[in-house]
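Here is my_file.txt, consisting of compact mmCIF, N, CA and C atoms:
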# COMPACT_ATOMS: atom_id res chain seq x y z
N MET A 1 7.54 27.59 -7.49
CA MET A 1 6.37 26.73 -7.62
C MET A 1 5.28 27.50 -8.35
N SER A 2 4.66 26.83 -9.29
CA SER A 2 3.63 27.45 -10.09
C SER A 2 2.31 27.48 -9.32
N PHE A 3 1.55 28.53 -9.58
CA PHE A 3 0.27 28.70 -8.91
C PHE A 3 -0.83 27.88 -9.57
N LEU A 4 -0.66 27.54 -10.84
CA LEU A 4 -1.69 26.85 -11.60
C LEU A 4 -2.04 25.47 -11.05
N PRO A 5 -1.08 24.60 -10.70
CA PRO A 5 -1.45 23.29 -10.13
C PRO A 5 -2.22 23.42 -8.81
N VAL A 6 -1.85 24.39 -8.00
CA VAL A 6 -2.55 24.59 -6.72
C VAL A 6 -3.99 25.01 -6.99
N LEU A 7 -4.17 25.93 -7.93
CA LEU A 7 -5.52 26.38 -8.29
C LEU A 7 -6.33 25.23 -8.87
N ASN A 8 -5.72 24.42 -9.71
CA ASN A 8 -6.39 23.28 -10.31
C ASN A 8 -6.86 22.29 -9.24
N GLN A 9 -6.00 21.96 -8.29
CA GLN A 9 -6.36 21.03 -7.23
C GLN A 9 -7.46 21.60 -6.34
N THR A 10 -7.40 22.90 -6.09
CA THR A 10 -8.42 23.55 -5.26
C THR A 10 -9.78 23.51 -5.95
N LEU A 11 -9.80 23.76 -7.25
CA LEU A 11 -11.06 23.71 -8.00
C LEU A 11 -11.64 22.30 -8.00
N VAL A 12 -10.80 21.31 -8.19
CA VAL A 12 -11.27 19.92 -8.16
C VAL A 12 -11.85 19.60 -6.78
N LEU A 13 -11.18 20.04 -5.74
CA LEU A 13 -11.67 19.81 -4.38
C LEU A 13 -13.04 20.45 -4.16
N PHE A 14 -13.21 21.69 -4.60
CA PHE A 14 -14.50 22.36 -4.44
C PHE A 14 -15.59 21.67 -5.25
N ILE A 15 -15.29 21.19 -6.43
CA ILE A 15 -16.27 20.46 -7.23
C ILE A 15 -16.69 19.18 -6.52
N LEU A 16 -15.71 18.45 -5.96
CA LEU A 16 -16.03 17.22 -5.23
C LEU A 16 -16.86 17.51 -3.98
N ILE A 17 -16.55 18.58 -3.29
CA ILE A 17 -17.34 18.96 -2.11
C ILE A 17 -18.77 19.29 -2.52
N PHE A 18 -18.91 20.01 -3.61
CA PHE A 18 -20.24 20.38 -4.11
C PHE A 18 -21.04 19.12 -4.48
N ILE A 19 -20.41 18.18 -5.17
CA ILE A 19 -21.08 16.93 -5.53
C ILE A 19 -21.50 16.17 -4.27
N GLY A 20 -20.62 16.12 -3.29
CA GLY A 20 -20.95 15.47 -2.03
C GLY A 20 -22.11 16.13 -1.31
N PHE A 21 -22.15 17.45 -1.35
CA PHE A 21 -23.24 18.20 -0.73
C PHE A 21 -24.57 17.85 -1.40
N ILE A 22 -24.59 17.80 -2.71
CA ILE A 22 -25.81 17.47 -3.46
C ILE A 22 -26.26 16.04 -3.13
N ILE A 23 -25.30 15.11 -3.11
CA ILE A 23 -25.63 13.71 -2.81
C ILE A 23 -26.22 13.59 -1.41
N LYS A 24 -25.66 14.31 -0.47
CA LYS A 24 -26.15 14.26 0.92
C LYS A 24 -27.54 14.88 1.02
N LYS A 25 -27.78 16.01 0.36
CA LYS A 25 -29.08 16.67 0.41
C LYS A 25 -30.18 15.84 -0.23
N LYS A 26 -29.86 15.05 -1.24
CA LYS A 26 -30.84 14.19 -1.93
C LYS A 26 -31.02 12.85 -1.22
N ASN A 27 -30.33 12.66 -0.09
CA ASN A 27 -30.41 11.43 0.71
C ASN A 27 -30.03 10.18 -0.09
N ILE A 28 -29.06 10.33 -0.98
CA ILE A 28 -28.56 9.19 -1.74
C ILE A 28 -27.60 8.38 -0.88
N ILE A 29 -26.96 9.03 0.07
CA ILE A 29 -25.95 8.40 0.90
C ILE A 29 -26.30 8.64 2.37
N THR A 30 -26.10 7.61 3.22
CA THR A 30 -26.41 7.74 4.65
C THR A 30 -25.19 8.21 5.42
N ASN A 31 -25.42 8.58 6.66
CA ASN A 31 -24.31 9.02 7.52
C ASN A 31 -23.31 7.89 7.75
N GLN A 32 -23.80 6.66 7.90
CA GLN A 32 -22.91 5.51 8.10
C GLN A 32 -22.04 5.28 6.87
N MET A 33 -22.62 5.45 5.69
CA MET A 33 -21.85 5.28 4.45
C MET A 33 -20.76 6.35 4.36
N ILE A 34 -21.09 7.57 4.77
CA ILE A 34 -20.11 8.65 4.76
C ILE A 34 -18.98 8.33 5.73
N LYS A 35 -19.33 7.84 6.91
CA LYS A 35 -18.33 7.49 7.92
C LYS A 35 -17.42 6.37 7.40
N ASP A 36 -18.00 5.33 6.82
CA ASP A 36 -17.22 4.21 6.30
C ASP A 36 -16.32 4.65 5.15
N LEU A 37 -16.86 5.46 4.24
CA LEU A 37 -16.09 5.93 3.10
C LEU A 37 -14.94 6.84 3.55
N SER A 38 -15.21 7.69 4.54
CA SER A 38 -14.15 8.56 5.06
C SER A 38 -13.02 7.75 5.68
N GLY A 39 -13.38 6.72 6.42
CA GLY A 39 -12.37 5.85 7.02
C GLY A 39 -11.55 5.14 5.96
N LEU A 40 -12.21 4.67 4.91
CA LEU A 40 -11.51 4.00 3.82
C LEU A 40 -10.55 4.95 3.12
N ILE A 41 -11.01 6.15 2.83
CA ILE A 41 -10.16 7.13 2.17
C ILE A 41 -8.96 7.48 3.04
N LEU A 42 -9.16 7.65 4.33
CA LEU A 42 -8.06 7.96 5.24
C LEU A 42 -7.05 6.81 5.28
N ASN A 43 -7.54 5.58 5.36
CA ASN A 43 -6.65 4.42 5.44
C ASN A 43 -5.84 4.22 4.17
N VAL A 44 -6.36 4.65 3.04
CA VAL A 44 -5.63 4.51 1.78
C VAL A 44 -4.74 5.72 1.53
N THR A 45 -5.25 6.90 1.82
CA THR A 45 -4.55 8.13 1.46
C THR A 45 -3.29 8.36 2.29
N LEU A 46 -3.35 8.15 3.57
CA LEU A 46 -2.22 8.45 4.43
C LEU A 46 -0.96 7.64 4.05
N PRO A 47 -1.05 6.32 3.91
CA PRO A 47 0.16 5.60 3.49
C PRO A 47 0.64 6.01 2.09
N LEU A 48 -0.31 6.25 1.18
CA LEU A 48 0.10 6.66 -0.17
C LEU A 48 0.78 8.02 -0.16
N MET A 49 0.32 8.92 0.69
CA MET A 49 0.97 10.22 0.80
C MET A 49 2.39 10.07 1.31
N MET A 50 2.57 9.19 2.30
CA MET A 50 3.92 8.99 2.85
C MET A 50 4.84 8.37 1.80
N ILE A 51 4.35 7.39 1.07
CA ILE A 51 5.17 6.77 0.02
C ILE A 51 5.50 7.78 -1.06
N THR A 52 4.50 8.56 -1.49
CA THR A 52 4.71 9.56 -2.53
C THR A 52 5.72 10.61 -2.09
N ALA A 53 5.62 11.05 -0.85
CA ALA A 53 6.56 12.06 -0.35
C ALA A 53 7.98 11.52 -0.33
N MET A 54 8.13 10.26 0.03
CA MET A 54 9.47 9.68 0.10
C MET A 54 10.03 9.38 -1.28
N LEU A 55 9.14 9.12 -2.26
CA LEU A 55 9.58 8.81 -3.61
C LEU A 55 9.61 10.03 -4.53
N ALA A 56 9.34 11.20 -3.98
CA ALA A 56 9.20 12.40 -4.81
C ALA A 56 10.44 12.70 -5.64
N ASP A 57 11.61 12.50 -5.08
CA ASP A 57 12.83 12.84 -5.81
C ASP A 57 13.55 11.61 -6.38
N ILE A 58 12.82 10.51 -6.51
CA ILE A 58 13.40 9.27 -7.02
C ILE A 58 12.80 8.99 -8.40
N LYS A 59 13.65 8.63 -9.34
CA LYS A 59 13.19 8.29 -10.68
C LYS A 59 12.69 6.85 -10.70
N ILE A 60 11.57 6.64 -11.37
CA ILE A 60 10.98 5.30 -11.46
C ILE A 60 11.94 4.34 -12.17
N THR A 61 12.65 4.82 -13.16
CA THR A 61 13.60 3.96 -13.87
C THR A 61 14.71 3.48 -12.94
N GLU A 62 15.07 4.34 -11.98
CA GLU A 62 16.08 3.96 -10.99
C GLU A 62 15.57 2.84 -10.10
N VAL A 63 14.30 2.91 -9.74
CA VAL A 63 13.71 1.88 -8.89
C VAL A 63 13.57 0.57 -9.67
N LEU A 64 13.03 0.66 -10.87
CA LEU A 64 12.77 -0.54 -11.66
C LEU A 64 14.05 -1.20 -12.16
N GLY A 65 15.17 -0.45 -12.19
CA GLY A 65 16.43 -1.00 -12.66
C GLY A 65 17.32 -1.54 -11.56
N ASN A 66 16.91 -1.43 -10.31
CA ASN A 66 17.73 -1.86 -9.18
C ASN A 66 17.49 -3.36 -8.91
N LYS A 67 18.47 -4.20 -9.23
CA LYS A 67 18.33 -5.65 -9.08
C LYS A 67 18.21 -6.07 -7.61
N LYS A 68 18.83 -5.30 -6.72
CA LYS A 68 18.75 -5.63 -5.29
C LYS A 68 17.31 -5.57 -4.80
N LEU A 69 16.54 -4.62 -5.35
CA LEU A 69 15.15 -4.49 -4.94
C LEU A 69 14.32 -5.70 -5.37
N TYR A 70 14.63 -6.24 -6.53
CA TYR A 70 13.91 -7.43 -6.99
C TYR A 70 14.24 -8.64 -6.12
N ILE A 71 15.50 -8.73 -5.69
CA ILE A 71 15.88 -9.81 -4.77
C ILE A 71 15.15 -9.65 -3.45
N LEU A 72 15.11 -8.43 -2.93
CA LEU A 72 14.37 -8.15 -1.71
C LEU A 72 12.90 -8.53 -1.87
N ALA A 73 12.30 -8.11 -2.97
CA ALA A 73 10.88 -8.39 -3.20
C ALA A 73 10.64 -9.89 -3.33
N PHE A 74 11.54 -10.60 -4.01
CA PHE A 74 11.41 -12.05 -4.18
C PHE A 74 11.43 -12.74 -2.82
N ILE A 75 12.36 -12.34 -1.97
CA ILE A 75 12.44 -12.94 -0.63
C ILE A 75 11.22 -12.59 0.19
N ARG A 76 10.87 -11.31 0.18
CA ARG A 76 9.76 -10.82 1.00
C ARG A 76 8.41 -11.37 0.56
N LEU A 77 8.18 -11.41 -0.75
CA LEU A 77 6.85 -11.75 -1.25
C LEU A 77 6.65 -13.22 -1.60
N LEU A 78 7.73 -13.97 -1.84
CA LEU A 78 7.57 -15.37 -2.22
C LEU A 78 8.28 -16.34 -1.29
N ILE A 79 9.57 -16.11 -1.03
CA ILE A 79 10.33 -17.07 -0.21
C ILE A 79 9.80 -17.13 1.21
N ALA A 80 9.56 -15.99 1.83
CA ALA A 80 9.07 -15.97 3.22
C ALA A 80 7.72 -16.68 3.36
N PRO A 81 6.70 -16.35 2.53
CA PRO A 81 5.44 -17.07 2.71
C PRO A 81 5.52 -18.56 2.34
N LEU A 82 6.31 -18.88 1.33
CA LEU A 82 6.44 -20.30 0.97
C LEU A 82 7.15 -21.09 2.06
N SER A 83 8.12 -20.48 2.72
CA SER A 83 8.78 -21.16 3.84
C SER A 83 7.80 -21.33 5.00
N MET A 84 6.92 -20.37 5.18
CA MET A 84 5.89 -20.51 6.22
C MET A 84 4.95 -21.67 5.88
N VAL A 85 4.60 -21.81 4.62
CA VAL A 85 3.74 -22.93 4.21
C VAL A 85 4.43 -24.25 4.51
N LEU A 86 5.74 -24.34 4.22
CA LEU A 86 6.49 -25.57 4.52
C LEU A 86 6.54 -25.85 6.01
N ILE A 87 6.78 -24.82 6.80
CA ILE A 87 6.82 -24.99 8.26
C ILE A 87 5.47 -25.46 8.77
N PHE A 88 4.39 -24.84 8.27
CA PHE A 88 3.06 -25.21 8.74
C PHE A 88 2.59 -26.55 8.21
N SER A 89 3.24 -27.07 7.16
CA SER A 89 2.89 -28.41 6.70
C SER A 89 3.44 -29.47 7.65
N VAL A 90 4.51 -29.11 8.37
CA VAL A 90 5.10 -30.03 9.35
C VAL A 90 4.38 -29.90 10.70
N ILE A 91 4.06 -28.67 11.06
CA ILE A 91 3.39 -28.41 12.33
C ILE A 91 1.89 -28.41 12.10
N ASN A 92 1.17 -29.03 12.99
CA ASN A 92 -0.28 -29.08 12.87
C ASN A 92 -0.90 -27.82 13.48
N VAL A 93 -1.31 -26.90 12.62
CA VAL A 93 -1.98 -25.68 13.08
C VAL A 93 -3.32 -25.55 12.36
N PRO A 94 -4.28 -24.89 12.98
CA PRO A 94 -5.57 -24.68 12.32
C PRO A 94 -5.39 -23.93 10.99
N SER A 95 -6.21 -24.24 10.03
CA SER A 95 -6.06 -23.65 8.70
C SER A 95 -6.25 -22.14 8.71
N ILE A 96 -7.09 -21.62 9.60
CA ILE A 96 -7.29 -20.17 9.66
C ILE A 96 -6.02 -19.47 10.14
N VAL A 97 -5.35 -20.06 11.11
CA VAL A 97 -4.09 -19.51 11.62
C VAL A 97 -3.04 -19.55 10.53
N LYS A 98 -2.95 -20.68 9.86
CA LYS A 98 -2.00 -20.85 8.76
C LYS A 98 -2.27 -19.80 7.68
N GLY A 99 -3.53 -19.63 7.29
CA GLY A 99 -3.88 -18.68 6.24
C GLY A 99 -3.53 -17.25 6.60
N VAL A 100 -3.83 -16.86 7.82
CA VAL A 100 -3.55 -15.49 8.25
C VAL A 100 -2.05 -15.23 8.30
N LEU A 101 -1.30 -16.13 8.91
CA LEU A 101 0.14 -15.92 9.06
C LEU A 101 0.88 -15.96 7.73
N VAL A 102 0.50 -16.87 6.86
CA VAL A 102 1.16 -16.94 5.54
C VAL A 102 0.82 -15.70 4.72
N THR A 103 -0.43 -15.28 4.75
CA THR A 103 -0.84 -14.09 4.01
C THR A 103 -0.12 -12.85 4.51
N LEU A 104 -0.04 -12.69 5.82
CA LEU A 104 0.66 -11.52 6.38
C LEU A 104 2.14 -11.55 6.05
N THR A 105 2.73 -12.74 6.04
CA THR A 105 4.14 -12.86 5.71
C THR A 105 4.40 -12.44 4.27
N GLY A 106 3.43 -12.65 3.38
CA GLY A 106 3.60 -12.33 1.98
C GLY A 106 3.19 -10.92 1.59
N MET A 107 2.92 -10.08 2.55
CA MET A 107 2.52 -8.70 2.23
C MET A 107 3.75 -7.82 1.99
N PRO A 108 3.57 -6.70 1.31
CA PRO A 108 4.71 -5.82 1.00
C PRO A 108 5.28 -5.14 2.25
N SER A 109 6.46 -4.57 2.08
CA SER A 109 7.11 -3.86 3.18
C SER A 109 6.24 -2.69 3.62
N ALA A 110 6.20 -2.46 4.91
CA ALA A 110 5.35 -1.40 5.46
C ALA A 110 6.01 -0.04 5.31
N VAL A 111 5.18 0.98 5.34
CA VAL A 111 5.67 2.36 5.25
C VAL A 111 6.59 2.68 6.43
N ASN A 112 6.38 1.98 7.54
CA ASN A 112 7.23 2.20 8.72
C ASN A 112 8.70 1.95 8.41
N THR A 113 8.98 1.13 7.42
CA THR A 113 10.36 0.84 7.05
C THR A 113 11.10 2.12 6.70
N ALA A 114 10.50 2.94 5.85
CA ALA A 114 11.14 4.21 5.46
C ALA A 114 11.16 5.21 6.61
N ILE A 115 10.13 5.18 7.42
CA ILE A 115 10.10 6.10 8.57
C ILE A 115 11.22 5.77 9.54
N PHE A 116 11.40 4.48 9.84
CA PHE A 116 12.49 4.08 10.73
C PHE A 116 13.85 4.34 10.10
N ALA A 117 13.96 4.12 8.80
CA ALA A 117 15.23 4.39 8.13
C ALA A 117 15.59 5.87 8.23
N THR A 118 14.61 6.73 8.08
CA THR A 118 14.86 8.18 8.22
C THR A 118 15.23 8.52 9.65
N LYS A 119 14.49 7.96 10.60
CA LYS A 119 14.72 8.27 12.01
C LYS A 119 16.11 7.84 12.47
N TYR A 120 16.58 6.69 11.99
CA TYR A 120 17.86 6.16 12.45
C TYR A 120 19.00 6.36 11.44
N ASN A 121 18.82 7.35 10.57
CA ASN A 121 19.85 7.77 9.61
C ASN A 121 20.35 6.62 8.73
N ALA A 122 19.44 5.76 8.33
CA ALA A 122 19.78 4.69 7.39
C ALA A 122 19.39 5.16 5.98
N ASP A 123 19.45 4.29 5.03
CA ASP A 123 19.16 4.64 3.64
C ASP A 123 17.65 4.68 3.41
N SER A 124 17.03 5.83 3.70
CA SER A 124 15.58 5.95 3.55
C SER A 124 15.16 5.92 2.08
N LYS A 125 16.05 6.32 1.21
CA LYS A 125 15.75 6.27 -0.23
C LYS A 125 15.58 4.81 -0.67
N LEU A 126 16.49 3.95 -0.26
CA LEU A 126 16.40 2.54 -0.59
C LEU A 126 15.17 1.91 0.07
N ALA A 127 14.88 2.31 1.29
CA ALA A 127 13.70 1.79 1.99
C ALA A 127 12.42 2.18 1.24
N SER A 128 12.35 3.42 0.77
CA SER A 128 11.19 3.88 0.01
C SER A 128 11.07 3.11 -1.30
N GLN A 129 12.19 2.87 -1.93
CA GLN A 129 12.16 2.10 -3.17
C GLN A 129 11.69 0.67 -2.91
N GLY A 130 12.13 0.10 -1.79
CA GLY A 130 11.70 -1.25 -1.43
C GLY A 130 10.21 -1.32 -1.17
N ILE A 131 9.67 -0.31 -0.51
CA ILE A 131 8.23 -0.26 -0.27
C ILE A 131 7.49 -0.19 -1.61
N PHE A 132 7.98 0.66 -2.49
CA PHE A 132 7.33 0.83 -3.78
C PHE A 132 7.33 -0.46 -4.59
N ILE A 133 8.47 -1.09 -4.71
CA ILE A 133 8.58 -2.27 -5.57
C ILE A 133 7.83 -3.46 -4.97
N THR A 134 7.87 -3.63 -3.64
CA THR A 134 7.13 -4.75 -3.04
C THR A 134 5.63 -4.53 -3.13
N THR A 135 5.19 -3.28 -3.02
CA THR A 135 3.77 -2.99 -3.17
C THR A 135 3.33 -3.24 -4.60
N LEU A 136 4.14 -2.84 -5.55
CA LEU A 136 3.82 -3.03 -6.96
C LEU A 136 3.77 -4.52 -7.31
N LEU A 137 4.77 -5.27 -6.90
CA LEU A 137 4.83 -6.70 -7.23
C LEU A 137 3.83 -7.54 -6.44
N ASN A 138 3.35 -7.00 -5.32
CA ASN A 138 2.37 -7.71 -4.51
C ASN A 138 1.06 -7.91 -5.26
N ILE A 139 0.82 -7.09 -6.26
CA ILE A 139 -0.37 -7.25 -7.08
C ILE A 139 -0.34 -8.62 -7.76
N LEU A 140 0.85 -9.11 -8.08
CA LEU A 140 0.99 -10.41 -8.72
C LEU A 140 1.14 -11.55 -7.72
N THR A 141 1.86 -11.30 -6.63
CA THR A 141 2.19 -12.40 -5.72
C THR A 141 1.07 -12.72 -4.72
N ALA A 142 0.29 -11.74 -4.31
CA ALA A 142 -0.76 -12.00 -3.32
C ALA A 142 -1.78 -13.03 -3.81
N PRO A 143 -2.29 -12.92 -5.05
CA PRO A 143 -3.21 -13.97 -5.51
C PRO A 143 -2.56 -15.34 -5.58
N LEU A 144 -1.27 -15.38 -5.93
CA LEU A 144 -0.55 -16.65 -5.99
C LEU A 144 -0.47 -17.30 -4.61
N ILE A 145 -0.12 -16.50 -3.60
CA ILE A 145 -0.01 -17.02 -2.23
C ILE A 145 -1.37 -17.50 -1.73
N ILE A 146 -2.41 -16.73 -2.01
CA ILE A 146 -3.75 -17.13 -1.57
C ILE A 146 -4.20 -18.40 -2.29
N TYR A 147 -3.85 -18.51 -3.58
CA TYR A 147 -4.15 -19.73 -4.31
C TYR A 147 -3.45 -20.94 -3.71
N LEU A 148 -2.18 -20.77 -3.36
CA LEU A 148 -1.42 -21.88 -2.78
C LEU A 148 -2.01 -22.32 -1.44
N LEU A 149 -2.63 -21.40 -0.73
CA LEU A 149 -3.25 -21.76 0.54
C LEU A 149 -4.51 -22.59 0.34
N THR A 150 -5.14 -22.48 -0.82
CA THR A 150 -6.36 -23.24 -1.06
C THR A 150 -6.09 -24.67 -1.55
N ILE A 151 -4.85 -24.94 -1.92
CA ILE A 151 -4.51 -26.29 -2.42
C ILE A 151 -4.45 -27.27 -1.28
Show me this structure written as structure tokens.
Amino acid sequence: MSFLPVLNQTLVLFILIFIGFIIKKKNIITNQMIKDLSGLILNVTLPLMMITAMLADIKITEVLGNKKLYILAFIRLLIAPLSMVLIFSVINVPSIVKGVLVTLTGMPSAVNTAIFATKYNADSKLASQGIFITTLLNILTAPLIIYLLTI
């Protein structure tokens, strides 16, 4: 392992800490803003770190070329929420309940999928690829699902 990337990341970290120190001393940012921003960074960083660690030895071309993953993503991101919309059109439920359940059904596979696959000696590589592709395609499907809920 090369020492240069580690040094580079350490320098960037120190620069960011220094900028944060200056911002705090000039009272540009409040303690509540720091707390909220820290929580946001933690909530985003931790899942991304887990996905990155699991995808570290996987080639992107391998993921993007796997047709099974697209079928999985199609079912997970479109078929499941659309079937929920059909079910809720027959059953009388409040619109807020319908919106929440359909939206949650159309979200990408959770990081827990790869964690459980690793724990139970299943194909964690495929699980990681599924998380990656559903998260990537969710950028397109989430607005579509939300739009369909407004009709």
Report as CSV: every residue of range 35-103 of chain A with an atom at most 9 Å from range 130-134 of chain A, its closest pair of atoms, and their distance in Å to one decimal, counting only C-alpha atoms, with rows sorted by chain and ascending residue number.
residue,atom,partner,partner_atom,distance
A:Ile51,CA,A:Phe132,CA,7.4
A:Leu55,CA,A:Phe132,CA,8.3
A:Val63,CA,A:Ile133,CA,7.4
A:Leu64,CA,A:Ile133,CA,7.6
A:Leu69,CA,A:Gly130,CA,5.9
A:Tyr70,CA,A:Ile133,CA,7.6
A:Leu72,CA,A:Gly130,CA,7.4
A:Ala73,CA,A:Thr134,CA,5.2
A:Phe74,CA,A:Thr134,CA,8.5
A:Arg76,CA,A:Thr134,CA,7.8
A:Leu77,CA,A:Thr134,CA,7.2
What's the 7 Å shell around range 114-117 of chain A, counting only C-alpha atoms, without same-chain residues fewer than 6 positions away, as a ChimeraX atom specification? /A:123-124,127-128
Sel. of helix (DSSP H, G or I) residues, chain A, as a PyMOL selection string: chain A and resi 3-25+31-55+60-64+67-90+95-105+112-119+124-150
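Here the question is which of A:Ile96, A:Ile23, A:Leu137, A:Leu37 gets nearest to Ile71 in chain A using only C-alpha atoms, and that residue is A:Leu137.
CA of Ile151 in chain A sits 22.7 Å away from CA of Pro108 in chain A.
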Within 8 Å of Thr103 in chain A, counting all atoms listed in the file, which residues show up once you throw out same-chain ones fewer than 5 positions away? Write them as a PyMOL selection string, please. chain A and resi 81+97-98+108+142+145-146
Could you jot down the CA of Asp57 in chain A to CA of Gln129 in chain A separation for me, Å, one decimal place?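 Calculated distance between CA of Asp57 in chain A and CA of Gln129 in chain A is 11.1 Å.
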As an exercise, work out the distance from CA of Lys125 in chain A to CA of Gly39 in chain A in Å and give it to one decimal place.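 Interatomic distance, CA of Lys125 in chain A to CA of Gly39 in chain A: 29.0 Å.
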Please write out, as JSON, where the centre of an axis-aligned box around all listed atoms of range 90-108 of chain A lies and how long its edges are, in Å to one decimal, after adding 4 Å on each side.
{"center_x": -1.0, "center_y": -17.6, "center_z": 7.2, "size_x": 20.6, "size_y": 32.9, "size_z": 20.5}
Selected residue of minimal separation from Gly20 in chain A among A:Met107, A:Met84, A:Ile34, A:Val44, counting only C-alpha atoms: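 Under the stated criterion, the closest residue is A:Ile34.
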